[in-house]
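Have a look at the structure below before the remarks.
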Amino acid sequence: MVKGVERTSIYDVIGWTGLFRVVWNSTPHPVRLLALPYGLRIYGNFLKGSSNLQQLLGVHSREYMCSRLFRLFRPRYHMVKSVLLRYGIEG
């Protein structure tokens, strides 16, 4: 880390309500209510560990390859990206 430069996570910028909007608006309708708690937990960790969209895409892709549960209940990345762009988060 460069001295004097603080890395801000996406979660720090959007907060809990932003996390809720990201997960709610990015999860397909048929599984939305069932997947909401899982999505909040998983994507909360993803957003806390990512400072831009490229890092988030890397974490999302890695989890997609490793977890069948994530494949079923995941928020769709292209929708996540569009919600985060409205918050001013850039790649």
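Going by the structure tokens order, chains are called A, B, ..., each with residues numbered from 1, while ligands are numbered from 1 in the order shown.
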**OP:** Fewer than 5 positions away in the same chain doesn't count, so skip those; otherwise give me all residues within 12 Å of A:Glu90, counting only C-alpha atoms, as a list in words.
**Re:** Ser9, Ile10, Val13, Ser50, Ser51, Asn52, Leu53, Gln54, Gln55, Leu56, Lys81, Ser82, Val83, Leu84 and Leu85 of chain A
Could you write out that same residue set with C-alpha atoms as an mmCIF file, in the first residue's frame?
```
data_model
loop_
_atom_site.group_PDB
_atom_site.id
_atom_site.type_symbol
_atom_site.label_atom_id
_atom_site.label_comp_id
_atom_site.auth_asym_id
_atom_site.auth_seq_id
_atom_site.Cartn_x
_atom_site.Cartn_y
_atom_site.Cartn_z
ATOM 1 C CA SER A 9 -13.862 -0.547 -0.680
ATOM 2 C CA ILE A 10 -17.024 -0.397 -2.739
ATOM 3 C CA VAL A 13 -18.890 3.988 -0.628
ATOM 4 C CA SER A 50 -13.057 -4.874 -3.803
ATOM 5 C CA SER A 51 -12.185 -1.286 -4.551
ATOM 6 C CA ASN A 52 -13.251 -1.263 -8.222
ATOM 7 C CA LEU A 53 -15.350 -3.211 -10.708
ATOM 8 C CA GLN A 54 -12.403 -5.189 -12.093
ATOM 9 C CA GLN A 55 -11.588 -6.622 -8.674
ATOM 10 C CA LEU A 56 -15.257 -7.408 -8.117
ATOM 11 C CA LYS A 81 -22.308 -3.420 -12.592
ATOM 12 C CA SER A 82 -25.176 -1.223 -13.812
ATOM 13 C CA VAL A 83 -26.393 -0.608 -10.236
ATOM 14 C CA LEU A 84 -22.875 0.258 -9.070
ATOM 15 C CA LEU A 85 -22.342 2.607 -12.004
#
```
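The nearest approach to A:Ile14 among the residues A:Val31, A:Leu47, A:Ile42, A:Cys66, with only C-alpha atoms taken into account, belongs to A:Leu47.
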Selection near A:Phe73, 10 Å with only C-alpha atoms, sequence-local residues under 4 positions removed, as a short mmCIF file (atom, residue, chain, number, x, y, z; two decimals) with N, CA, C and O atoms, in the first residue's frame:
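Below you can see out-v3.cif, which holds the result:
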```cif
data_model
loop_
_atom_site.label_atom_id
_atom_site.label_comp_id
_atom_site.auth_asym_id
_atom_site.auth_seq_id
_atom_site.Cartn_x
_atom_site.Cartn_y
_atom_site.Cartn_z
N THR A 27 -30.62 -9.94 -8.61
CA THR A 27 -31.00 -11.34 -8.47
C THR A 27 -32.27 -11.59 -9.28
O THR A 27 -33.21 -10.81 -9.21
N PRO A 28 -32.32 -12.67 -10.06
CA PRO A 28 -33.52 -12.97 -10.87
C PRO A 28 -34.78 -13.12 -10.01
O PRO A 28 -34.72 -13.62 -8.89
N VAL A 31 -36.01 -16.43 -7.86
CA VAL A 31 -35.29 -16.87 -6.67
C VAL A 31 -34.95 -15.71 -5.73
O VAL A 31 -34.23 -15.89 -4.76
N ARG A 32 -35.48 -14.54 -5.99
CA ARG A 32 -35.08 -13.33 -5.27
C ARG A 32 -35.25 -13.45 -3.76
O ARG A 32 -34.32 -13.18 -3.00
N LEU A 34 -35.70 -16.11 -1.85
CA LEU A 34 -34.92 -17.22 -1.32
C LEU A 34 -33.42 -16.90 -1.31
O LEU A 34 -32.71 -17.25 -0.38
N ALA A 35 -32.95 -16.18 -2.32
CA ALA A 35 -31.52 -15.91 -2.48
C ALA A 35 -31.06 -14.64 -1.75
O ALA A 35 -29.86 -14.43 -1.63
N LEU A 36 -31.96 -13.82 -1.27
CA LEU A 36 -31.58 -12.54 -0.68
C LEU A 36 -30.61 -12.67 0.50
O LEU A 36 -29.55 -12.02 0.48
N PRO A 37 -30.86 -13.50 1.51
CA PRO A 37 -29.90 -13.59 2.62
C PRO A 37 -28.53 -14.09 2.16
O PRO A 37 -27.50 -13.56 2.59
N TYR A 38 -28.51 -15.07 1.28
CA TYR A 38 -27.25 -15.58 0.76
C TYR A 38 -26.51 -14.49 -0.02
O TYR A 38 -25.31 -14.28 0.16
N GLY A 39 -27.24 -13.79 -0.87
CA GLY A 39 -26.63 -12.74 -1.68
C GLY A 39 -26.08 -11.60 -0.83
O GLY A 39 -25.01 -11.07 -1.12
N ARG A 68 -21.40 -24.30 -6.68
CA ARG A 68 -22.69 -24.54 -7.35
C ARG A 68 -23.80 -23.72 -6.72
O ARG A 68 -24.70 -23.25 -7.41
N LEU A 69 -23.75 -23.54 -5.41
CA LEU A 69 -24.75 -22.72 -4.73
C LEU A 69 -24.70 -21.28 -5.24
O LEU A 69 -25.74 -20.67 -5.49
#
```
Subject >> Atom-to-atom span, atom CA of A:Gly58 and atom CA of A:Ile89, Å >> reply: 15.8 Å
Subject >> A:His60 environment, 10 Å, only C-alpha atoms, sequence neighbours closer than 3 positions dropped, as a ChimeraX atom specification >> reply: /A:42-43,46,54-57,63-65,70,74-77
Emit the selected residues as a CSV table (one decimal), in the first residue's frame, including all heavy atoms.
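For reference, part_32.csv as written:
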```csv
chain,number,residue,atom,x,y,z
A,42,ILE,N,-22.8,-13.0,0.9
A,42,ILE,CA,-21.7,-13.2,-0.1
A,42,ILE,C,-21.2,-11.9,-0.7
A,42,ILE,O,-20.1,-11.6,-0.7
A,42,ILE,CB,-22.1,-14.2,-1.2
A,42,ILE,CG1,-22.3,-15.6,-0.6
A,42,ILE,CG2,-21.1,-14.3,-2.3
A,42,ILE,CD1,-21.0,-16.3,-0.1
A,43,TYR,N,-22.2,-11.2,-1.2
A,43,TYR,CA,-21.8,-9.9,-1.9
A,43,TYR,C,-21.3,-8.9,-1.0
A,43,TYR,O,-20.6,-8.0,-1.3
A,43,TYR,CB,-23.0,-9.4,-2.8
A,43,TYR,CG,-22.5,-9.5,-4.3
A,43,TYR,CD1,-22.6,-10.7,-5.0
A,43,TYR,CD2,-22.0,-8.4,-4.9
A,43,TYR,CE1,-22.1,-10.8,-6.2
A,43,TYR,CE2,-21.6,-8.5,-6.2
A,43,TYR,CZ,-21.6,-9.7,-6.9
A,43,TYR,OH,-21.2,-9.8,-8.2
A,46,PHE,N,-17.8,-9.6,-0.9
A,46,PHE,CA,-17.1,-9.3,-2.1
A,46,PHE,C,-16.9,-7.8,-2.2
A,46,PHE,O,-15.9,-7.3,-2.6
A,46,PHE,CB,-18.0,-9.7,-3.3
A,46,PHE,CG,-18.1,-11.1,-3.6
A,46,PHE,CD1,-17.4,-12.1,-2.8
A,46,PHE,CD2,-18.9,-11.6,-4.6
A,46,PHE,CE1,-17.5,-13.4,-3.1
A,46,PHE,CE2,-19.0,-13.0,-4.9
A,46,PHE,CZ,-18.3,-13.9,-4.1
A,54,GLN,N,-13.3,-4.1,-11.6
A,54,GLN,CA,-12.4,-5.2,-12.1
A,54,GLN,C,-12.1,-6.2,-11.0
A,54,GLN,O,-12.1,-7.4,-11.2
A,54,GLN,CB,-11.1,-4.6,-12.6
A,54,GLN,CG,-11.3,-3.9,-13.9
A,54,GLN,CD,-11.7,-4.8,-15.1
A,54,GLN,OE1,-12.4,-5.8,-14.9
A,54,GLN,NE2,-11.4,-4.4,-16.3
A,55,GLN,N,-11.8,-5.7,-9.8
A,55,GLN,CA,-11.6,-6.6,-8.7
A,55,GLN,C,-12.9,-7.4,-8.4
A,55,GLN,O,-12.8,-8.6,-8.1
A,55,GLN,CB,-11.1,-5.9,-7.4
A,55,GLN,CG,-9.7,-5.3,-7.6
A,55,GLN,CD,-9.3,-4.5,-6.3
A,55,GLN,OE1,-10.2,-4.1,-5.6
A,55,GLN,NE2,-8.0,-4.3,-6.2
A,56,LEU,N,-14.0,-6.7,-8.4
A,56,LEU,CA,-15.3,-7.4,-8.1
A,56,LEU,C,-15.5,-8.5,-9.2
A,56,LEU,O,-16.0,-9.6,-8.8
A,56,LEU,CB,-16.4,-6.4,-8.1
A,56,LEU,CG,-17.8,-6.9,-7.8
A,56,LEU,CD1,-17.8,-7.6,-6.4
A,56,LEU,CD2,-18.8,-5.8,-7.9
A,57,LEU,N,-15.3,-8.2,-10.4
A,57,LEU,CA,-15.5,-9.2,-11.5
A,57,LEU,C,-14.6,-10.4,-11.2
A,57,LEU,O,-15.0,-11.6,-11.4
A,57,LEU,CB,-15.2,-8.6,-12.8
A,57,LEU,CG,-15.3,-9.6,-14.0
A,57,LEU,CD1,-16.7,-10.2,-14.1
A,57,LEU,CD2,-14.9,-8.9,-15.3
A,63,GLU,N,-15.6,-17.2,-7.7
A,63,GLU,CA,-16.7,-17.9,-6.9
A,63,GLU,C,-17.6,-18.7,-7.8
A,63,GLU,O,-18.1,-19.8,-7.4
A,63,GLU,CB,-17.5,-16.9,-6.1
A,63,GLU,CG,-18.4,-17.5,-5.1
A,63,GLU,CD,-17.7,-18.2,-3.9
A,63,GLU,OE1,-16.5,-17.9,-3.6
A,63,GLU,OE2,-18.4,-19.0,-3.2
A,64,TYR,N,-17.9,-18.2,-9.0
A,64,TYR,CA,-18.8,-18.9,-9.9
A,64,TYR,C,-18.2,-20.2,-10.3
A,64,TYR,O,-18.9,-21.2,-10.4
A,64,TYR,CB,-19.0,-18.0,-11.2
A,64,TYR,CG,-19.9,-18.6,-12.2
A,64,TYR,CD1,-21.2,-18.5,-12.1
A,64,TYR,CD2,-19.4,-19.4,-13.3
A,64,TYR,CE1,-22.1,-19.0,-13.1
A,64,TYR,CE2,-20.2,-20.0,-14.2
A,64,TYR,CZ,-21.5,-19.8,-14.1
A,64,TYR,OH,-22.4,-20.4,-15.0
A,65,MET,N,-16.9,-20.2,-10.5
A,65,MET,CA,-16.2,-21.5,-10.9
A,65,MET,C,-16.1,-22.5,-9.8
A,65,MET,O,-16.1,-23.7,-10.0
A,65,MET,CB,-14.8,-21.2,-11.4
A,65,MET,CG,-14.8,-20.3,-12.6
A,65,MET,SD,-15.8,-20.9,-14.0
A,65,MET,CE,-14.8,-22.4,-14.5
A,70,PHE,N,-23.5,-20.8,-5.4
A,70,PHE,CA,-23.4,-19.4,-6.0
A,70,PHE,C,-23.9,-19.3,-7.4
A,70,PHE,O,-24.6,-18.3,-7.7
A,70,PHE,CB,-21.9,-19.0,-6.0
A,70,PHE,CG,-21.7,-17.6,-6.4
A,70,PHE,CD1,-22.0,-16.5,-5.6
A,70,PHE,CD2,-21.1,-17.3,-7.7
A,70,PHE,CE1,-21.8,-15.2,-6.0
A,70,PHE,CE2,-20.9,-16.0,-8.1
A,70,PHE,CZ,-21.2,-15.0,-7.3
A,74,ARG,N,-26.7,-16.5,-7.3
A,74,ARG,CA,-25.9,-15.3,-7.4
A,74,ARG,C,-26.6,-14.1,-8.0
A,74,ARG,O,-27.5,-14.3,-8.9
A,74,ARG,CB,-24.7,-15.6,-8.3
A,74,ARG,CG,-25.1,-15.6,-9.8
A,74,ARG,CD,-23.9,-16.1,-10.7
A,74,ARG,NE,-24.2,-16.0,-12.1
A,74,ARG,CZ,-25.0,-16.9,-12.7
A,74,ARG,NH1,-25.5,-17.9,-12.1
A,74,ARG,NH2,-25.2,-16.8,-14.0
A,75,PRO,N,-26.3,-12.9,-7.6
A,75,PRO,CA,-26.7,-11.7,-8.4
A,75,PRO,C,-25.9,-11.7,-9.7
A,75,PRO,O,-24.8,-12.1,-9.8
A,75,PRO,CB,-26.2,-10.6,-7.5
A,75,PRO,CG,-26.0,-11.2,-6.1
A,75,PRO,CD,-25.6,-12.6,-6.4
A,76,ARG,N,-26.6,-11.3,-10.8
A,76,ARG,CA,-26.0,-11.4,-12.1
A,76,ARG,C,-25.0,-10.2,-12.2
A,76,ARG,O,-25.4,-9.0,-11.9
A,76,ARG,CB,-27.0,-11.3,-13.2
A,76,ARG,CG,-28.0,-12.5,-13.1
A,76,ARG,CD,-27.3,-13.8,-12.9
A,76,ARG,NE,-28.2,-15.0,-13.1
A,76,ARG,CZ,-28.6,-15.8,-12.1
A,76,ARG,NH1,-28.2,-15.6,-10.9
A,76,ARG,NH2,-29.3,-16.8,-12.4
A,77,TYR,N,-23.8,-10.4,-12.6
A,77,TYR,CA,-22.8,-9.4,-12.6
A,77,TYR,C,-23.1,-8.2,-13.5
A,77,TYR,O,-22.9,-7.1,-13.1
A,77,TYR,CB,-21.4,-10.0,-13.0
A,77,TYR,CG,-20.3,-8.9,-13.0
A,77,TYR,CD1,-19.8,-8.5,-11.8
A,77,TYR,CD2,-19.9,-8.2,-14.1
A,77,TYR,CE1,-18.9,-7.4,-11.7
A,77,TYR,CE2,-19.0,-7.2,-14.1
A,77,TYR,CZ,-18.5,-6.8,-12.9
A,77,TYR,OH,-17.6,-5.8,-12.8
```
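The nearest approach to A:Arg21 among the residues A:Arg7, A:Asn45, A:Val80, A:Gly91, with only C-alpha atoms taken into account, belongs to A:Val80.
Using only C-alpha atoms for every distance, the candidate list A:Thr17, A:Asn25, A:Ser67, A:Thr8 yields A:Thr17 as the residue closest to A:Gly44.
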Subject >> Which of chain A DSSP labels alpha helix (DSSP H), written as a ChimeraX atom specification >> reply: /A:10-26,32-49,53-66,68-73,77-86
